[in-house]
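> Dropping in run-v1.txt, with compact mmCIF, C-alpha atoms.
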# COMPACT_ATOMS: atom_id res chain seq x y z
CA MET A 1 -9.09 -15.58 17.97
CA SER A 2 -5.29 -15.60 18.17
CA ILE A 3 -3.02 -12.83 19.42
CA GLU A 4 -2.01 -12.17 15.80
CA HIS A 5 -5.66 -11.56 14.87
CA ILE A 6 -6.17 -9.24 17.82
CA LEU A 7 -2.99 -7.31 17.06
CA GLY A 8 -4.01 -7.09 13.40
CA LEU A 9 -7.43 -5.76 14.35
CA VAL A 10 -6.00 -3.19 16.78
CA THR A 11 -3.37 -2.10 14.25
CA GLY A 12 -6.01 -1.84 11.50
CA ILE A 13 -8.29 0.28 13.67
CA PHE A 14 -5.37 2.53 14.65
CA PHE A 15 -4.36 2.90 10.98
CA GLY A 16 -7.98 3.70 10.03
CA VAL A 17 -8.17 6.38 12.72
CA LEU A 18 -4.96 7.93 11.36
CA LEU A 19 -6.38 7.85 7.82
CA GLN A 20 -9.53 9.58 9.03
CA LYS A 21 -7.73 12.17 11.18
CA GLY A 22 -5.36 12.95 8.30
CA GLY A 23 -8.32 13.59 5.99
CA LEU A 24 -7.23 10.83 3.64
CA VAL A 25 -10.70 9.30 3.45
CA ARG A 26 -11.90 12.43 1.67
CA PHE A 27 -12.45 12.18 -2.06
CA GLU A 28 -10.80 15.59 -2.55
CA LYS A 29 -7.50 14.42 -1.01
CA GLN A 30 -7.42 11.30 -3.16
CA VAL A 31 -8.18 13.16 -6.38
CA GLY A 32 -5.71 15.89 -5.40
CA MET A 33 -3.02 13.23 -5.25
CA LEU A 34 -4.00 11.79 -8.63
CA LEU A 35 -3.83 15.28 -10.14
CA PHE A 36 -0.45 15.99 -8.45
CA LYS A 37 -1.93 18.96 -6.58
CA ASP A 38 -2.12 17.66 -3.00
CA PHE A 39 0.55 15.25 -1.80
CA THR A 40 -0.99 14.50 1.61
CA VAL A 41 -1.67 10.89 0.55
CA LEU A 42 1.91 10.40 -0.68
CA LYS A 43 3.39 11.93 2.48
CA PHE A 44 1.18 9.76 4.70
CA MET A 45 2.03 6.56 2.83
CA LEU A 46 5.76 7.28 2.65
CA THR A 47 5.77 7.95 6.38
CA ALA A 48 3.95 4.66 7.03
CA ILE A 49 6.34 2.78 4.72
CA ALA A 50 9.43 4.35 6.32
CA VAL A 51 8.25 3.58 9.87
CA GLY A 52 7.31 0.04 8.90
CA MET A 53 10.60 -0.43 7.09
CA ILE A 54 12.57 0.64 10.16
CA GLY A 55 10.70 -1.78 12.41
CA ILE A 56 10.78 -4.71 9.99
CA THR A 57 14.46 -4.25 9.19
CA ILE A 58 15.49 -4.05 12.84
CA PHE A 59 13.24 -6.92 13.97
CA SER A 60 14.43 -9.06 11.06
CA HIS A 61 18.09 -8.29 11.76
CA PHE A 62 17.76 -9.40 15.39
CA GLY A 63 15.73 -12.51 14.51
CA VAL A 64 12.52 -11.34 16.16
CA ILE A 65 10.68 -11.90 12.87
CA SER A 66 11.51 -13.71 9.65
CA LEU A 67 10.67 -12.18 6.30
CA ASN A 68 8.39 -14.09 3.97
CA HIS A 69 8.32 -12.12 0.72
CA ARG A 70 5.51 -12.40 -1.77
CA PRO A 71 6.65 -13.73 -5.15
CA MET A 72 8.04 -11.08 -7.50
CA ASN A 73 5.73 -11.86 -10.40
CA VAL A 74 5.74 -9.27 -13.18
CA GLY A 75 2.41 -10.35 -14.67
CA ALA A 76 0.62 -10.18 -11.33
CA ILE A 77 2.15 -6.79 -10.54
CA LEU A 78 1.24 -5.29 -13.93
CA ILE A 79 -2.34 -6.58 -13.95
CA GLY A 80 -3.01 -6.05 -10.23
CA GLY A 81 -1.41 -2.60 -10.20
CA SER A 82 -3.37 -1.56 -13.28
CA LEU A 83 -6.68 -2.72 -11.80
CA PHE A 84 -5.88 -0.97 -8.51
CA GLY A 85 -5.00 2.25 -10.34
CA ILE A 86 -8.10 2.15 -12.53
CA GLY A 87 -10.31 1.58 -9.49
CA TRP A 88 -8.60 4.41 -7.62
CA VAL A 89 -9.03 6.82 -10.53
CA LEU A 90 -12.67 5.88 -11.17
CA THR A 91 -13.80 6.07 -7.54
CA GLY A 92 -11.30 8.43 -5.92
CA LEU A 93 -10.79 5.88 -3.16
CA CYS A 94 -8.46 2.97 -2.49
CA PRO A 95 -9.35 -0.09 -0.36
CA GLY A 96 -8.30 1.38 3.01
CA THR A 97 -9.74 4.81 2.43
CA SER A 98 -13.00 3.39 1.07
CA LEU A 99 -13.66 1.58 4.35
CA GLY A 100 -12.72 4.70 6.29
CA ALA A 101 -14.95 6.85 4.09
CA LEU A 102 -17.88 4.49 4.64
CA GLY A 103 -17.24 4.59 8.38
CA GLU A 104 -17.36 8.37 8.17
CA GLY A 105 -20.78 8.17 6.49
CA ARG A 106 -19.70 8.76 2.90
CA PHE A 107 -22.02 6.25 1.30
CA HIS A 108 -20.58 6.63 -2.21
CA ALA A 109 -17.71 4.47 -0.89
CA ILE A 110 -20.02 1.46 -1.03
CA PHE A 111 -19.45 1.31 -4.80
CA THR A 112 -15.71 0.96 -4.28
CA ILE A 113 -16.27 -1.73 -1.65
CA ILE A 114 -18.67 -3.62 -3.93
CA GLY A 115 -16.07 -3.37 -6.70
CA MET A 116 -13.42 -4.87 -4.40
CA ILE A 117 -15.72 -7.75 -3.45
CA VAL A 118 -16.71 -8.46 -7.06
CA GLY A 119 -13.06 -8.22 -8.14
CA GLY A 120 -12.04 -10.68 -5.43
CA MET A 121 -14.77 -13.08 -6.51
CA LEU A 122 -13.77 -12.82 -10.17
CA PHE A 123 -10.13 -13.41 -9.22
CA SER A 124 -10.95 -16.51 -7.17
CA HIS A 125 -13.14 -17.96 -9.93
CA SER A 126 -10.50 -17.35 -12.61
CA TYR A 127 -7.44 -18.25 -10.53
CA GLU A 128 -6.64 -21.47 -12.40
CA PHE A 129 -6.65 -19.66 -15.75
CA LEU A 130 -4.62 -16.77 -14.33
CA TYR A 131 -2.14 -19.15 -12.68
CA ASN A 132 -1.39 -20.76 -16.05
CA THR A 133 -1.16 -17.47 -17.93
CA VAL A 134 -0.60 -14.07 -16.30
CA LEU A 135 0.83 -15.43 -13.04
CA SER A 136 3.48 -17.38 -14.93
CA TRP A 137 4.96 -14.28 -16.61
CA ALA A 138 8.46 -13.54 -15.36
CA ASP A 139 8.15 -15.05 -11.89
CA PHE A 140 11.35 -14.18 -10.00
CA GLY A 141 10.30 -15.94 -6.81
CA ARG A 142 10.41 -14.59 -3.26
CA ILE A 143 13.03 -11.87 -3.45
CA GLY A 144 13.58 -8.52 -1.78
CA ILE A 145 15.65 -5.46 -2.60
CA PRO A 146 18.66 -6.75 -0.59
CA ASP A 147 18.53 -9.99 -2.62
CA ILE A 148 18.53 -8.04 -5.89
CA THR A 149 21.19 -5.48 -4.98
CA GLY A 150 23.36 -7.52 -2.62
CA ILE A 151 23.19 -4.58 -0.18
CA SER A 152 22.11 -5.19 3.40
CA GLY A 153 18.70 -3.95 4.50
CA LEU A 154 20.53 -2.15 7.32
CA ILE A 155 22.06 0.09 4.64
CA ILE A 156 19.04 0.34 2.34
CA MET A 157 16.64 1.28 5.16
CA PRO A 158 18.42 4.45 6.37
CA LEU A 159 19.06 5.55 2.77
CA PHE A 160 15.34 5.19 2.02
CA VAL A 161 14.34 7.03 5.19
CA ILE A 162 16.76 9.87 4.41
CA GLY A 163 15.33 10.05 0.88
CA VAL A 164 11.80 10.23 2.28
CA VAL A 165 12.79 13.04 4.66
CA PHE A 166 14.35 15.06 1.83
CA LEU A 167 11.31 14.49 -0.41
CA MET A 168 8.97 15.59 2.40
CA ARG A 169 11.00 18.75 3.00
CA PHE A 170 10.97 19.51 -0.73
CA LEU A 171 7.19 19.04 -0.95
CA GLU A 172 6.64 21.21 2.13
CA LYS A 173 8.83 24.01 0.75
CA LYS A 174 6.82 23.90 -2.47
CA GLY A 175 3.58 24.03 -0.49
CA MET A 176 2.48 20.66 -1.73
In structure tokens, write the structure found in this file.

Amino acid sequence: MSIEHILGLVTGIFFGVLLQKGGLVRFEKQVGMLLFKDFTVLKFMLTAIAVGMIGITIFSHFGVISLNHRPMNVGAILIGGSLFGIGWVLTGLCPGTSLGALGEGRFHAIFTIIGMIVGGMLFSHSYEFLYNTVLSWADFGRIGIPDITGISGLIIMPLFVIGVVFLMRFLEKKGM
């Protein structure tokens, strides 16, 4: 087991503990988000994205890490995002929260986990077909927001973080 695997495992466990402590593994929180009544999930995820964005931008700028973007493939994003959303709506759980919910003893999460496994198997068995069809739709290659806008990540990152802070304050004032 490499140091990357160990760090990934430790980070995953830490993230799972935060999901559990924040109540995000609860069906009610997930459905509340989908119904636009409880924005705990959104606030948690935006915080995680902002913190990650700060670290990745700074580490990338100083050459500690190099970015390796996933391809910007419109077909894959539309199909994958739709399947993710449908699964989330039908089960009230997403992949991370389903594992956390199962760990908390919420056995209904097993259906979400089975769905993820079956979906992964179907994807792997149909990859060649998908590669020649859906995955070839509007493939823009490995690009990021700085590549699209021509604006440095060192400018985009603080603007995003400021936007997240203002959105959080707005949601808190509204009691959401």
> Name the closest residue to Leu18 (chain A) among the candidates A:Met1, A:Leu78, A:Gly100, A:Pro71; distances are taken between atoms, counting all atoms listed in the file.
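Among A:Met1, A:Leu78, A:Gly100, A:Pro71, it is A:Gly100 that comes nearest to Leu18 (chain A).
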> Could you list, as a JSON list (two decimals) with C-alpha atoms, in the coordinates of the input, every residue within 12 Å of region 118-132 of chain A, counting only C-alpha atoms and ignoring same-chain residues fewer than 2 positions away?

[["chain", "number", "residue", "atom", "x", "y", "z"],
["A", 73, "ASN", "CA", 5.73, -11.86, -10.40],
["A", 75, "GLY", "CA", 2.41, -10.35, -14.67],
["A", 76, "ALA", "CA", 0.62, -10.18, -11.33],
["A", 79, "ILE", "CA", -2.34, -6.58, -13.95],
["A", 80, "GLY", "CA", -3.01, -6.05, -10.23],
["A", 83, "LEU", "CA", -6.68, -2.72, -11.80],
["A", 84, "PHE", "CA", -5.88, -0.97, -8.51],
["A", 87, "GLY", "CA", -10.31, 1.58, -9.49],
["A", 95, "PRO", "CA", -9.35, -0.09, -0.36],
["A", 111, "PHE", "CA", -19.45, 1.31, -4.80],
["A", 112, "THR", "CA", -15.71, 0.96, -4.28],
["A", 113, "ILE", "CA", -16.27, -1.73, -1.65],
["A", 114, "ILE", "CA", -18.67, -3.62, -3.93],
["A", 115, "GLY", "CA", -16.07, -3.37, -6.70],
["A", 116, "MET", "CA", -13.42, -4.87, -4.40],
["A", 134, "VAL", "CA", -0.60, -14.07, -16.30],
["A", 135, "LEU", "CA", 0.83, -15.43, -13.04],
["A", 136, "SER", "CA", 3.48, -17.38, -14.93],
["A", 137, "TRP", "CA", 4.96, -14.28, -16.61],
["A", 139, "ASP", "CA", 8.15, -15.05, -11.89]]
> So what do you get for CA of Ser152 (chain A) versus CA of Ala50 (chain A), distance-wise?
16.1 Å
> Excluding Leu102 (chain A) and its own-chain neighbours fewer than 3 positions away, which residues fall within 12 Å of it when counting only C-alpha atoms? Please give them as a ChimeraX atom specification.
/A:16,20,25-27,93-99,105-114
> Taking all atoms listed in the file into account, which of A:Ile3, A:Leu171, A:Gly150, A:Asn68 comes nearest Lys37 (chain A)?
A:Leu171
> May I ask which of the residues A:Ile77, A:Phe170, A:His69, A:Ala101 is the closest one to Asp147 (chain A), counting all atoms listed in the file?
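Using all atoms listed in the file, the shortest distance to Asp147 (chain A) belongs to A:His69.
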> Out of A:Val161, A:Met45, A:Leu19, A:Leu154, which residue has the shortest atom-to-atom distance to His61 (chain A) when counting all atoms listed in the file?
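For His61 (chain A), the nearest of the given residues is A:Leu154.
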> Under the rule that only C-alpha atoms are counted, which of A:Val51, A:Phe59, A:Arg70, A:Leu34 is the nearest residue to Arg142 (chain A)?
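For Arg142 (chain A), the nearest of the candidates is A:Arg70.
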> Please report the interatomic distance between CA of Met176 (chain A) and CA of Thr40 (chain A) in Å with one decimal.
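Computing the Euclidean distance for CA of Met176 (chain A) and CA of Thr40 (chain A) yields 7.8 Å.
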> Mind completing region 144-158 of chain A with N, CA, C and O atoms? Output as a CSV table (one decimal), in the frame of the given file, please?

chain,number,residue,atom,x,y,z
A,144,GLY,N,13.7,-9.9,-2.3
A,144,GLY,CA,13.6,-8.5,-1.8
A,144,GLY,C,14.7,-7.7,-2.4
A,144,GLY,O,15.6,-8.1,-3.1
A,145,ILE,N,14.7,-6.4,-2.1
A,145,ILE,CA,15.6,-5.5,-2.6
A,145,ILE,C,17.1,-5.9,-2.2
A,145,ILE,O,18.0,-5.8,-3.0
A,146,PRO,N,17.3,-6.3,-0.9
A,146,PRO,CA,18.7,-6.8,-0.6
A,146,PRO,C,19.1,-8.0,-1.4
A,146,PRO,O,20.3,-8.1,-1.8
A,147,ASP,N,18.2,-8.8,-1.8
A,147,ASP,CA,18.5,-10.0,-2.6
A,147,ASP,C,18.9,-9.5,-4.0
A,147,ASP,O,19.8,-10.1,-4.6
A,148,ILE,N,18.3,-8.5,-4.5
A,148,ILE,CA,18.5,-8.0,-5.9
A,148,ILE,C,19.8,-7.3,-5.9
A,148,ILE,O,20.6,-7.4,-6.8
A,149,THR,N,20.0,-6.4,-5.0
A,149,THR,CA,21.2,-5.5,-5.0
A,149,THR,C,22.4,-6.0,-4.3
A,149,THR,O,23.5,-5.6,-4.6
A,150,GLY,N,22.2,-7.0,-3.4
A,150,GLY,CA,23.4,-7.5,-2.6
A,150,GLY,C,23.8,-6.6,-1.5
A,150,GLY,O,24.8,-6.7,-0.9
A,151,ILE,N,22.9,-5.6,-1.2
A,151,ILE,CA,23.2,-4.6,-0.2
A,151,ILE,C,22.3,-4.9,1.0
A,151,ILE,O,21.1,-5.1,0.9
A,152,SER,N,22.8,-4.9,2.2
A,152,SER,CA,22.1,-5.2,3.4
A,152,SER,C,20.9,-4.2,3.6
A,152,SER,O,21.0,-3.0,3.3
A,153,GLY,N,19.9,-4.8,4.2
A,153,GLY,CA,18.7,-4.0,4.5
A,153,GLY,C,19.1,-2.9,5.5
A,153,GLY,O,18.4,-1.8,5.6
A,154,LEU,N,20.1,-3.1,6.3
A,154,LEU,CA,20.5,-2.2,7.3
A,154,LEU,C,21.2,-0.9,6.7
A,154,LEU,O,21.3,0.1,7.3
A,155,ILE,N,21.5,-1.1,5.4
A,155,ILE,CA,22.1,0.1,4.6
A,155,ILE,C,20.9,0.7,3.8
A,155,ILE,O,20.8,1.9,3.7
A,156,ILE,N,20.1,-0.1,3.2
A,156,ILE,CA,19.0,0.3,2.3
A,156,ILE,C,18.0,1.1,3.2
A,156,ILE,O,17.6,2.2,2.7
A,157,MET,N,17.7,0.6,4.3
A,157,MET,CA,16.6,1.3,5.2
A,157,MET,C,17.0,2.7,5.5
A,157,MET,O,16.2,3.6,5.2
A,158,PRO,N,18.2,3.0,6.1
A,158,PRO,CA,18.4,4.4,6.4
A,158,PRO,C,18.5,5.3,5.1
A,158,PRO,O,18.1,6.5,5.2
